[in-house]
file upload.txt (compact mmCIF, C-alpha atoms)
# COMPACT_ATOMS: atom_id res chain seq x y z
CA MET A 1 65.89 177.76 -19.12
CA ASP A 2 63.93 174.74 -17.90
CA ALA A 3 60.74 173.41 -19.51
CA GLN A 4 58.41 174.91 -16.90
CA SER A 5 59.80 178.42 -17.42
CA ALA A 6 59.65 178.00 -21.19
CA THR A 7 55.97 177.01 -20.94
CA LEU A 8 55.26 180.19 -18.99
CA ILE A 9 57.17 182.41 -21.42
CA ALA A 10 55.41 180.75 -24.37
CA GLY A 11 52.10 181.51 -22.63
CA GLY A 12 53.15 185.16 -22.46
CA LEU A 13 54.07 185.19 -26.15
CA LYS A 14 50.62 183.68 -26.86
CA TYR A 15 49.02 186.81 -25.38
CA ILE A 16 51.05 189.03 -27.71
CA GLY A 17 49.81 186.92 -30.63
CA ALA A 18 46.19 187.21 -29.51
CA GLY A 19 46.58 190.96 -29.14
CA LEU A 20 48.03 191.24 -32.64
CA ALA A 21 45.16 189.16 -34.04
CA THR A 22 42.66 191.87 -33.09
CA LEU A 23 44.35 194.15 -35.63
CA GLY A 24 42.57 192.19 -38.33
CA MET A 25 39.32 193.79 -37.15
CA ILE A 26 40.53 197.26 -38.14
CA GLY A 27 39.75 196.71 -41.79
CA ALA A 28 36.26 195.35 -41.23
CA GLY A 29 35.44 198.27 -38.92
CA ILE A 30 36.52 200.91 -41.42
CA GLY A 31 34.95 198.97 -44.29
CA LEU A 32 31.55 198.61 -42.64
CA GLY A 33 31.53 202.32 -41.86
CA ILE A 34 32.24 203.24 -45.49
CA LEU A 35 29.76 200.65 -46.80
CA PHE A 36 26.84 201.76 -44.63
CA GLY A 37 27.74 205.46 -44.81
CA ASN A 38 27.65 205.46 -48.60
CA TYR A 39 24.39 203.49 -48.61
CA TYR A 40 22.78 206.16 -46.41
CA VAL A 41 23.95 208.94 -48.71
CA GLY A 42 22.49 207.16 -51.74
CA ALA A 43 19.30 206.04 -50.02
CA LEU A 44 18.56 209.50 -48.64
CA ARG A 45 19.15 211.08 -52.04
CA ASN A 46 16.70 208.66 -53.68
CA PRO A 47 14.53 207.13 -50.92
CA SER A 48 12.10 205.47 -53.30
CA ALA A 49 14.86 203.24 -54.73
CA ALA A 50 16.47 202.40 -51.38
CA LYS A 51 14.64 199.09 -51.10
CA THR A 52 16.13 197.84 -54.39
CA GLN A 53 19.65 197.79 -52.87
CA GLN A 54 18.71 196.44 -49.44
CA THR A 55 19.63 192.88 -50.47
CA ASN A 56 23.01 194.01 -51.78
CA LEU A 57 23.50 196.00 -48.55
CA PHE A 58 23.15 192.90 -46.44
CA ILE A 59 25.33 190.81 -48.80
CA GLY A 60 28.08 193.42 -48.56
CA MET A 61 27.63 193.77 -44.82
CA ALA A 62 27.88 190.01 -44.25
CA LEU A 63 31.02 189.66 -46.37
CA THR A 64 32.76 192.60 -44.70
CA GLU A 65 31.73 191.60 -41.18
CA ALA A 66 32.99 188.07 -41.90
CA LEU A 67 36.56 189.38 -42.20
CA GLY A 68 36.34 190.94 -38.74
CA ILE A 69 34.90 187.72 -37.32
CA PHE A 70 37.72 185.72 -38.95
CA ALA A 71 40.21 187.86 -37.00
CA PHE A 72 38.16 187.35 -33.82
CA VAL A 73 38.20 183.58 -34.41
CA ILE A 74 41.98 183.60 -34.87
CA ALA A 75 42.34 185.58 -31.64
CA LEU A 76 40.21 183.05 -29.75
CA LEU A 77 42.05 180.10 -31.35
CA ILE A 78 45.36 181.61 -30.20
CA LEU A 79 44.04 182.26 -26.69
CA PHE A 80 42.29 178.95 -26.10
CA GLY A 81 43.64 176.64 -28.80
CA ASN A 82 46.43 175.17 -26.67
CA PRO A 83 45.16 174.64 -23.11
CA GLN A 84 48.64 173.72 -21.85
CA LEU A 85 50.06 177.23 -22.20
CA MET B 1 65.51 181.40 -15.37
CA ASP B 2 63.46 179.84 -12.59
CA ALA B 3 59.70 179.33 -12.71
CA GLN B 4 58.89 182.29 -10.45
CA SER B 5 60.80 184.74 -12.64
CA ALA B 6 59.25 183.26 -15.78
CA THR B 7 55.78 183.78 -14.30
CA LEU B 8 56.59 187.43 -13.70
CA ILE B 9 58.01 187.96 -17.20
CA ALA B 10 55.00 186.18 -18.75
CA GLY B 11 52.77 188.55 -16.75
CA GLY B 12 54.66 191.45 -18.32
CA LEU B 13 54.22 190.01 -21.83
CA LYS B 14 50.50 189.67 -21.06
CA TYR B 15 50.30 193.45 -20.64
CA ILE B 16 51.89 193.97 -24.05
CA GLY B 17 49.26 191.66 -25.52
CA ALA B 18 46.42 193.53 -23.83
CA GLY B 19 47.82 196.82 -25.08
CA LEU B 20 48.01 195.48 -28.63
CA ALA B 21 44.42 194.22 -28.40
CA THR B 22 43.14 197.79 -28.08
CA LEU B 23 44.38 198.43 -31.63
CA GLY B 24 41.37 196.47 -32.86
CA MET B 25 39.20 199.37 -31.73
CA ILE B 26 40.80 201.72 -34.26
CA GLY B 27 38.70 200.37 -37.10
CA ALA B 28 35.39 200.59 -35.28
CA GLY B 29 36.18 204.16 -34.22
CA ILE B 30 36.95 205.34 -37.74
CA GLY B 31 34.08 203.30 -39.17
CA LEU B 32 31.46 204.69 -36.79
CA GLY B 33 32.63 208.21 -37.58
CA ILE B 34 32.27 207.67 -41.33
CA LEU B 35 28.93 205.86 -40.91
CA PHE B 36 27.30 208.56 -38.77
CA GLY B 37 28.98 211.42 -40.63
CA ASN B 38 27.59 210.27 -43.97
CA TYR B 39 24.16 209.72 -42.45
CA TYR B 40 24.10 213.33 -41.20
CA VAL B 41 25.06 214.65 -44.63
CA GLY B 42 22.28 212.66 -46.27
CA ALA B 43 19.68 213.35 -43.60
CA LEU B 44 20.33 217.09 -43.59
CA ARG B 45 20.11 217.23 -47.38
CA ASN B 46 16.74 215.44 -47.34
CA PRO B 47 15.32 215.71 -43.79
CA SER B 48 11.89 214.36 -44.71
CA ALA B 49 13.40 210.97 -45.68
CA ALA B 50 15.75 210.70 -42.70
CA LYS B 51 13.35 208.49 -40.75
CA THR B 52 13.30 205.87 -43.52
CA GLN B 53 17.00 205.04 -42.92
CA GLN B 54 16.95 205.21 -39.11
CA THR B 55 16.55 201.41 -38.85
CA ASN B 56 19.48 200.82 -41.21
CA LEU B 57 21.47 203.40 -39.22
CA PHE B 58 21.11 201.41 -36.03
CA ILE B 59 21.79 198.09 -37.81
CA GLY B 60 25.01 199.50 -39.23
CA MET B 61 25.96 201.10 -35.92
CA ALA B 62 25.45 197.86 -33.99
CA LEU B 63 27.50 195.79 -36.45
CA THR B 64 30.37 198.29 -36.52
CA GLU B 65 30.38 198.84 -32.75
CA ALA B 66 30.42 195.06 -32.29
CA LEU B 67 33.89 194.85 -33.87
CA GLY B 68 35.24 197.37 -31.36
CA ILE B 69 33.63 195.47 -28.50
CA PHE B 70 35.17 192.21 -29.77
CA ALA B 71 38.60 193.84 -29.43
CA PHE B 72 37.69 195.08 -25.94
CA VAL B 73 36.61 191.54 -24.97
CA ILE B 74 39.90 190.09 -26.23
CA ALA B 75 41.80 192.73 -24.22
CA LEU B 76 39.88 191.81 -21.07
CA LEU B 77 40.34 188.06 -21.72
CA ILE B 78 44.09 188.63 -22.03
CA LEU B 79 44.22 190.74 -18.88
CA PHE B 80 42.03 188.60 -16.63
CA GLY B 81 41.84 185.24 -18.42
CA ASN B 82 44.75 183.67 -16.52
CA PRO B 83 44.66 184.80 -12.88
CA GLN B 84 48.04 183.17 -12.14
CA LEU B 85 50.05 185.64 -14.20
CA MET C 1 67.46 186.00 -13.32
CA ASP C 2 66.17 186.21 -9.75
CA ALA C 3 62.59 187.07 -8.81
CA GLN C 4 63.34 190.68 -7.83
CA SER C 5 64.92 191.44 -11.21
CA ALA C 6 62.06 189.71 -13.02
CA THR C 7 59.55 191.88 -11.15
CA LEU C 8 61.40 194.99 -12.29
CA ILE C 9 61.59 193.84 -15.92
CA ALA C 10 57.90 192.86 -15.88
CA GLY C 11 57.12 196.35 -14.55
CA GLY C 12 59.00 197.76 -17.54
CA LEU C 13 57.07 195.55 -19.97
CA LYS C 14 53.86 196.78 -18.32
CA TYR C 15 54.74 200.34 -19.40
CA ILE C 16 55.15 199.19 -23.01
CA GLY C 17 51.69 197.60 -22.80
CA ALA C 18 50.15 200.78 -21.40
CA GLY C 19 51.81 202.80 -24.14
CA LEU C 20 50.45 200.45 -26.82
CA ALA C 21 46.96 200.69 -25.30
CA THR C 22 46.77 204.39 -26.16
CA LEU C 23 46.88 203.44 -29.85
CA GLY C 24 43.26 202.34 -29.50
CA MET C 25 42.34 206.02 -29.17
CA ILE C 26 43.50 206.76 -32.72
CA GLY C 27 40.30 205.42 -34.24
CA ALA C 28 37.96 207.35 -31.96
CA GLY C 29 39.90 210.55 -32.63
CA ILE C 30 39.70 210.25 -36.40
CA GLY C 31 36.11 209.01 -36.21
CA LEU C 32 34.88 211.90 -34.06
CA GLY C 33 36.53 214.35 -36.43
CA ILE C 34 34.80 212.86 -39.48
CA LEU C 35 31.48 212.57 -37.62
CA PHE C 36 31.38 216.18 -36.42
CA GLY C 37 32.96 217.55 -39.60
CA ASN C 38 30.28 216.00 -41.80
CA TYR C 39 27.56 217.19 -39.44
CA TYR C 40 28.81 220.80 -39.76
CA VAL C 41 28.84 220.57 -43.56
CA GLY C 42 25.27 219.27 -43.59
CA ALA C 43 23.99 221.63 -40.89
CA LEU C 44 25.49 224.72 -42.54
CA ARG C 45 24.03 223.77 -45.90
CA ASN C 46 20.56 223.37 -44.39
CA PRO C 47 20.55 225.20 -41.03
CA SER C 48 16.80 224.94 -40.54
CA ALA C 49 17.00 221.12 -40.37
CA ALA C 50 20.08 220.95 -38.16
CA LYS C 51 18.02 220.46 -35.01
CA THR C 52 16.39 217.29 -36.41
CA GLN C 53 19.73 215.44 -36.38
CA GLN C 54 21.03 216.77 -33.06
CA THR C 55 19.84 213.63 -31.21
CA ASN C 56 21.55 211.35 -33.74
CA LEU C 57 24.66 213.54 -33.44
CA PHE C 58 24.93 212.90 -29.72
CA ILE C 59 24.14 209.17 -30.13
CA GLY C 60 26.92 208.84 -32.69
CA MET C 61 29.29 210.94 -30.60
CA ALA C 62 28.70 208.85 -27.47
CA LEU C 63 29.21 205.54 -29.30
CA THR C 64 32.40 206.70 -30.99
CA GLU C 65 33.84 208.34 -27.88
CA ALA C 66 33.10 205.12 -25.96
CA LEU C 67 35.66 203.23 -28.06
CA GLY C 68 38.34 205.74 -27.14
CA ILE C 69 37.39 205.50 -23.48
CA PHE C 70 37.57 201.68 -23.67
CA ALA C 71 41.20 202.04 -24.77
CA PHE C 72 41.83 204.53 -21.94
CA VAL C 73 40.32 202.06 -19.43
CA ILE C 74 42.54 199.24 -20.72
CA ALA C 75 45.58 201.52 -20.40
CA LEU C 76 44.68 202.34 -16.79
CA LEU C 77 43.97 198.66 -15.99
CA ILE C 78 47.42 197.77 -17.33
CA LEU C 79 49.11 200.58 -15.37
CA PHE C 80 47.34 200.11 -12.04
CA GLY C 81 45.77 196.65 -12.26
CA ASN C 82 48.67 194.86 -10.60
CA PRO C 83 50.09 197.01 -7.79
CA GLN C 84 53.02 194.63 -7.22
CA LEU C 85 54.76 195.48 -10.49
CA MET D 1 71.03 189.87 -13.89
CA ASP D 2 71.14 191.59 -10.50
CA ALA D 3 68.49 193.92 -9.17
CA GLN D 4 70.39 197.12 -9.93
CA SER D 5 70.81 196.24 -13.62
CA ALA D 6 67.16 195.19 -13.84
CA THR D 7 66.10 198.58 -12.45
CA LEU D 8 68.09 200.31 -15.16
CA ILE D 9 66.68 198.11 -17.94
CA ALA D 10 63.11 198.57 -16.64
CA GLY D 11 63.70 202.31 -16.70
CA GLY D 12 64.68 201.99 -20.35
CA LEU D 13 61.56 199.95 -21.19
CA LYS D 14 59.49 202.65 -19.47
CA TYR D 15 60.75 205.21 -21.98
CA ILE D 16 59.67 202.97 -24.87
CA GLY D 17 56.21 202.82 -23.32
CA ALA D 18 56.04 206.60 -22.95
CA GLY D 19 57.13 207.00 -26.54
CA LEU D 20 54.45 204.60 -27.75
CA ALA D 21 51.82 206.44 -25.69
CA THR D 22 52.25 209.54 -27.83
CA LEU D 23 50.99 207.55 -30.82
CA GLY D 24 47.54 207.80 -29.28
CA MET D 25 47.58 211.49 -30.18
CA ILE D 26 47.68 210.72 -33.92
CA GLY D 27 43.94 210.20 -34.07
CA ALA D 28 43.02 213.40 -32.25
CA GLY D 29 45.36 215.34 -34.52
CA ILE D 30 43.85 214.01 -37.73
CA GLY D 31 40.33 214.21 -36.31
CA LEU D 32 40.60 217.84 -35.23
CA GLY D 33 41.96 218.74 -38.64
CA ILE D 34 39.03 217.11 -40.44
CA LEU D 35 36.54 218.58 -37.96
CA PHE D 36 37.69 222.20 -38.28
CA GLY D 37 38.40 221.85 -42.00
CA ASN D 38 34.85 220.72 -42.75
CA TYR D 39 33.45 223.46 -40.53
CA TYR D 40 35.29 226.10 -42.55
CA VAL D 41 33.99 224.67 -45.83
CA GLY D 42 30.42 224.81 -44.56
CA ALA D 43 30.79 228.19 -42.86
CA LEU D 44 32.34 229.84 -45.91
CA ARG D 45 29.63 228.47 -48.18
CA ASN D 46 26.92 229.89 -45.90
CA PRO D 47 28.52 232.56 -43.65
CA SER D 48 25.23 233.85 -42.24
CA ALA D 49 24.52 230.46 -40.62
CA ALA D 50 28.02 229.89 -39.23
CA LYS D 51 27.06 231.18 -35.78
CA THR D 52 24.34 228.52 -35.41
CA GLN D 53 26.93 225.70 -35.36
CA GLN D 54 29.52 227.45 -33.15
CA THR D 55 28.28 225.63 -30.03
CA ASN D 56 28.47 222.24 -31.78
CA LEU D 57 31.92 223.17 -33.06
CA PHE D 58 33.24 223.65 -29.55
CA ILE D 59 31.50 220.48 -28.28
CA GLY D 60 33.09 218.45 -31.06
CA MET D 61 36.47 220.11 -30.58
CA ALA D 62 36.47 219.42 -26.84
CA LEU D 63 35.52 215.75 -27.24
CA THR D 64 38.11 215.10 -29.94
CA GLU D 65 40.84 217.01 -28.10
CA ALA D 66 40.04 214.98 -24.97
CA LEU D 67 41.23 211.78 -26.68
CA GLY D 68 44.59 213.36 -27.38
CA ILE D 69 44.80 214.58 -23.78
CA PHE D 70 44.01 211.05 -22.52
CA ALA D 71 47.05 209.78 -24.42
CA PHE D 72 49.14 212.65 -22.98
CA VAL D 73 48.01 211.72 -19.46
CA ILE D 74 48.95 208.06 -20.00
CA ALA D 75 52.38 209.17 -21.28
CA LEU D 76 52.92 211.30 -18.15
CA LEU D 77 51.72 208.48 -15.86
CA ILE D 78 54.18 206.11 -17.52
CA LEU D 79 57.04 208.62 -17.19
CA PHE D 80 56.43 209.80 -13.62
CA GLY D 81 54.11 207.19 -12.11
CA ASN D 82 56.91 205.13 -10.57
CA PRO D 83 59.61 207.39 -9.13
CA GLN D 84 61.97 204.46 -8.46
CA LEU D 85 62.66 203.69 -12.11
CA MET E 1 68.37 176.23 -23.39
CA ASP E 2 67.50 172.58 -24.06
CA ALA E 3 65.49 171.29 -26.99
CA GLN E 4 62.25 170.92 -25.04
CA SER E 5 62.35 174.57 -23.93
CA ALA E 6 63.17 175.72 -27.45
CA THR E 7 60.15 173.80 -28.79
CA LEU E 8 57.92 175.59 -26.30
CA ILE E 9 59.35 179.03 -27.09
CA ALA E 10 58.98 178.34 -30.83
CA GLY E 11 55.34 177.47 -30.16
CA GLY E 12 54.91 180.88 -28.52
CA LEU E 13 56.57 182.65 -31.45
CA LYS E 14 54.17 180.76 -33.75
CA TYR E 15 51.26 182.56 -32.06
CA ILE E 16 52.86 185.95 -32.76
CA GLY E 17 53.12 184.94 -36.41
CA ALA E 18 49.48 183.88 -36.55
CA GLY E 19 48.45 187.17 -34.95
CA LEU E 20 50.48 189.15 -37.47
CA ALA E 21 48.90 187.15 -40.33
CA THR E 22 45.48 188.61 -39.51
CA LEU E 23 46.81 192.05 -40.49
CA GLY E 24 46.43 190.92 -44.07
CA MET E 25 42.66 191.12 -43.62
CA ILE E 26 42.76 194.88 -43.04
CA GLY E 27 43.05 195.66 -46.71
CA ALA E 28 40.24 193.35 -47.80
CA GLY E 29 37.94 194.83 -45.13
CA ILE E 30 38.53 198.43 -46.17
CA GLY E 31 38.44 197.46 -49.85
CA LEU E 32 35.10 195.64 -49.64
CA GLY E 33 33.60 198.63 -47.83
CA ILE E 34 34.72 201.06 -50.53
CA LEU E 35 33.68 198.65 -53.30
CA PHE E 36 30.14 198.05 -52.04
CA GLY E 37 29.68 201.62 -50.77
CA ASN E 38 30.46 203.12 -54.16
CA TYR E 39 28.21 200.56 -55.88
CA TYR E 40 25.27 201.63 -53.67
CA VAL E 41 25.84 205.31 -54.43
CA GLY E 42 25.85 204.60 -58.16
CA ALA E 43 22.98 202.12 -58.09
CA LEU E 44 20.72 204.42 -56.08
CA ARG E 45 21.44 207.36 -58.37
CA ASN E 46 20.45 205.29 -61.41
CA PRO E 47 18.40 202.29 -60.15
CA SER E 48 17.25 201.12 -63.57
CA ALA E 49 20.87 200.40 -64.60
CA ALA E 50 21.92 198.75 -61.32
CA LYS E 51 21.33 195.23 -62.66
CA THR E 52 23.85 195.76 -65.46
CA GLN E 53 26.69 196.03 -62.92
CA GLN E 54 25.56 193.26 -60.58
CA THR E 55 27.86 190.70 -62.24
CA ASN E 56 30.82 193.04 -61.95
CA LEU E 57 29.88 193.68 -58.31
CA PHE E 58 30.14 190.01 -57.47
CA ILE E 59 33.38 189.57 -59.47
CA GLY E 60 34.95 192.48 -57.58
CA MET E 61 33.59 191.22 -54.28
CA ALA E 62 34.96 187.71 -54.79
CA LEU E 63 38.42 188.98 -55.76
CA THR E 64 38.62 191.39 -52.82
CA GLU E 65 37.27 188.89 -50.32
CA ALA E 66 39.77 186.31 -51.57
CA LEU E 67 42.67 188.43 -50.29
CA GLY E 68 41.21 188.45 -46.79
CA ILE E 69 40.61 184.70 -46.96
CA PHE E 70 44.21 184.15 -48.09
CA ALA E 71 45.38 185.90 -44.90
CA PHE E 72 42.95 183.77 -42.89
CA VAL E 73 44.34 180.60 -44.49
CA ILE E 74 47.91 181.65 -43.73
CA ALA E 75 46.93 182.32 -40.11
CA LEU E 76 45.37 178.85 -39.85
CA LEU E 77 48.38 177.21 -41.54
CA ILE E 78 50.68 178.92 -39.04
CA LEU E 79 48.51 177.79 -36.14
CA PHE E 80 47.92 174.19 -37.19
CA GLY E 81 50.56 173.46 -39.84
CA ASN E 82 53.11 171.94 -37.46
CA PRO E 83 51.40 169.80 -34.82
CA GLN E 84 54.63 169.37 -32.87
CA LEU E 85 54.84 173.01 -31.76
call {"tool": "encode", "arguments": {"input": "upload.txt", "output": "structure tokens"}}
result
Amino acid sequence: MDAQSATLIAGGLKYIGAGLATLGMIGAGIGLGILFGNYYVGALRNPSAAKTQQTNLFIGMALTEALGIFAFVIALLILFGNPQL
Amino acid sequence: MDAQSATLIAGGLKYIGAGLATLGMIGAGIGLGILFGNYYVGALRNPSAAKTQQTNLFIGMALTEALGIFAFVIALLILFGNPQL
Amino acid sequence: MDAQSATLIAGGLKYIGAGLATLGMIGAGIGLGILFGNYYVGALRNPSAAKTQQTNLFIGMALTEALGIFAFVIALLILFGNPQL
Amino acid sequence: MDAQSATLIAGGLKYIGAGLATLGMIGAGIGLGILFGNYYVGALRNPSAAKTQQTNLFIGMALTEALGIFAFVIALLILFGNPQL
Amino acid sequence: MDAQSATLIAGGLKYIGAGLATLGMIGAGIGLGILFGNYYVGALRNPSAAKTQQTNLFIGMALTEALGIFAFVIALLILFGNPQL
């Protein structure tokens, strides 16, 4: 296999890597759903106290969303990190 | 393997990558279901307070949906990012 | 490997990609089940309020179903996007 | 590899794709189970109201089932879409 | 296959490894969602005691988040650890 062909095949393998990197978003998606869903249940049971946990809600949201964005960043780094492939 | 064949094989690997990228939508799908499902349970138990969490509902929905759309964007970038394959 | 063989193999890899793309529907399937299931539990506990959440039910349904349809679209793009394979 | 061998191998890869496509039905299977299961819990707790959610039950069932049928369609398209393999 | 081609193919395989490394974030994402979600439910049921568990909330959050960041670090080490690939 010559170098030009190998470059092309490596570019194809890069796409498989980028596709696999999106799997890291699965956890953040499920996690955010559980996090917000449980907040709604609690806040609708006791609406007068809902404001007291709003700060914690956004802290938890930011930390969980960050994991999904990390996976997105890895996917973009794989796709565009090496412009020669 | 000559360069023309390698281009074709790399194009095939690209499709595997795009297929794998859809797996990132699994999390957003499950998450949205849990998020909305729990909101309904809470809102139907205490309908008079349901409006107070409508803003949070749409914040949570947008953040969770975003993760699924990130995966969709990666899938489209893989499919159409390199027009030569 | 000559170009004709590579085209055939790439066409085979395309089918693996299309098959993998259906995995993105898993999340929407589970999510819709949880979403509707929880709505029924809430609506049957408090039938008089069920109508107040019907709009939110269809918003949530449309957003969750959309993720499954995104995966379906990617699968069709992989299968029929490149008519030469 | 000559063209005849490549056709045979591509036909084999096609079967892997069709097999993978059935994985898309996992979500609809789990989702329908949760959906109907929760309906029964609610309907048996409050049998007199069960009729009021029967329409929503069939809407939810149809939308969740559709995702499984999408995966079935992709599997059939992979298997019979290209009669030469 | 000569050494130059092998280097290129190894670089492609590296991307598959980096993509797989993001799967380690799935657990942290789901875990953070369950952790924060359950805290909200408890804190909104008994708001006056919520402060007593705030320290434990952040300890649990940091430990769960760390696992996702470990996977992120491994993904970056795979991507950038060997500049020759």
call {"tool": "atom_distance", "arguments": {"input": "upload.txt", "atom1": "atom CA of Asn46 of chain C", "atom2": "atom CA of Leu57 of chain D"}}
result
16.0 Å
call {"tool": "closest_residue", "arguments": {"input": "upload.txt", "among": "D:Ala6, D:Leu77, D:Leu13, D:Met61", "to": "Leu32 of chain D", "atoms": "only C-alpha atoms"}}
result
D:Met61
call {"tool": "interface_residues", "arguments": {"input": "upload.txt", "of": "chain A", "to": "chain B", "cutoff": "6 Å", "atoms": "all atoms listed in the file", "output": "list in words"}}
result
Met1, Ser5, Leu8, Ile9, Gly12, Tyr15, Ile16, Gly19, Leu20, Thr22, Leu23, Met25, Ile26, Gly29, Ile30, Gly33, Phe36, Gly37, Tyr40, Val41 and Leu44 of chain A
call {"tool": "atom_distance", "arguments": {"input": "upload.txt", "atom1": "atom CA of Gln84 of chain D", "atom2": "atom CA of Phe80 of chain C"}}
result
15.7 Å
call {"tool": "atom_distance", "arguments": {"input": "upload.txt", "atom1": "atom CA of Leu76 of chain D", "atom2": "atom CA of Ala62 of chain D"}}
result
20.3 Å
call {"tool": "build_atoms", "arguments": {"input": "upload.txt", "residues": "segment 7-20 of chain C", "atoms": "N, CA, C and O atoms", "output": "short mmCIF file (atom, residue, chain, number, x, y, z; two decimals), in the coordinates of the input"}}
result
data_model
loop_
_atom_site.label_atom_id
_atom_site.label_comp_id
_atom_site.auth_asym_id
_atom_site.auth_seq_id
_atom_site.Cartn_x
_atom_site.Cartn_y
_atom_site.Cartn_z
N THR C 7 60.63 190.95 -11.49
CA THR C 7 59.55 191.88 -11.15
C THR C 7 59.81 193.24 -11.78
O THR C 7 58.90 193.87 -12.34
N LEU C 8 61.06 193.69 -11.72
CA LEU C 8 61.40 194.99 -12.29
C LEU C 8 61.24 194.99 -13.81
O LEU C 8 60.67 195.93 -14.37
N ILE C 9 61.71 193.92 -14.45
CA ILE C 9 61.59 193.84 -15.92
C ILE C 9 60.11 193.76 -16.31
O ILE C 9 59.67 194.43 -17.27
N ALA C 10 59.33 192.97 -15.57
CA ALA C 10 57.90 192.86 -15.88
C ALA C 10 57.21 194.22 -15.72
O ALA C 10 56.32 194.58 -16.49
N GLY C 11 57.66 194.99 -14.72
CA GLY C 11 57.12 196.35 -14.55
C GLY C 11 57.45 197.22 -15.76
O GLY C 11 56.63 198.05 -16.19
N GLY C 12 58.64 197.01 -16.33
CA GLY C 12 59.00 197.76 -17.54
C GLY C 12 58.15 197.34 -18.73
O GLY C 12 57.70 198.18 -19.51
N LEU C 13 57.91 196.04 -18.87
CA LEU C 13 57.07 195.55 -19.97
C LEU C 13 55.64 196.09 -19.82
O LEU C 13 54.97 196.38 -20.81
N LYS C 14 55.18 196.22 -18.59
CA LYS C 14 53.86 196.78 -18.32
C LYS C 14 53.75 198.17 -18.93
O LYS C 14 52.70 198.53 -19.51
N TYR C 15 54.79 198.98 -18.84
CA TYR C 15 54.74 200.34 -19.40
C TYR C 15 54.62 200.30 -20.92
O TYR C 15 53.95 201.14 -21.51
N ILE C 16 55.29 199.32 -21.55
CA ILE C 16 55.15 199.19 -23.01
C ILE C 16 53.71 198.85 -23.35
O ILE C 16 53.12 199.42 -24.29
N GLY C 17 53.09 197.95 -22.56
CA GLY C 17 51.69 197.60 -22.80
C GLY C 17 50.76 198.80 -22.65
O GLY C 17 49.86 199.01 -23.47
N ALA C 18 51.00 199.60 -21.61
CA ALA C 18 50.15 200.78 -21.40
C ALA C 18 50.33 201.77 -22.55
O ALA C 18 49.36 202.40 -23.00
N GLY C 19 51.57 201.90 -23.02
CA GLY C 19 51.81 202.80 -24.14
C GLY C 19 51.08 202.32 -25.39
O GLY C 19 50.44 203.11 -26.10
N LEU C 20 51.13 201.01 -25.64
CA LEU C 20 50.45 200.45 -26.82
C LEU C 20 48.94 200.64 -26.71
O LEU C 20 48.25 200.82 -27.72
#
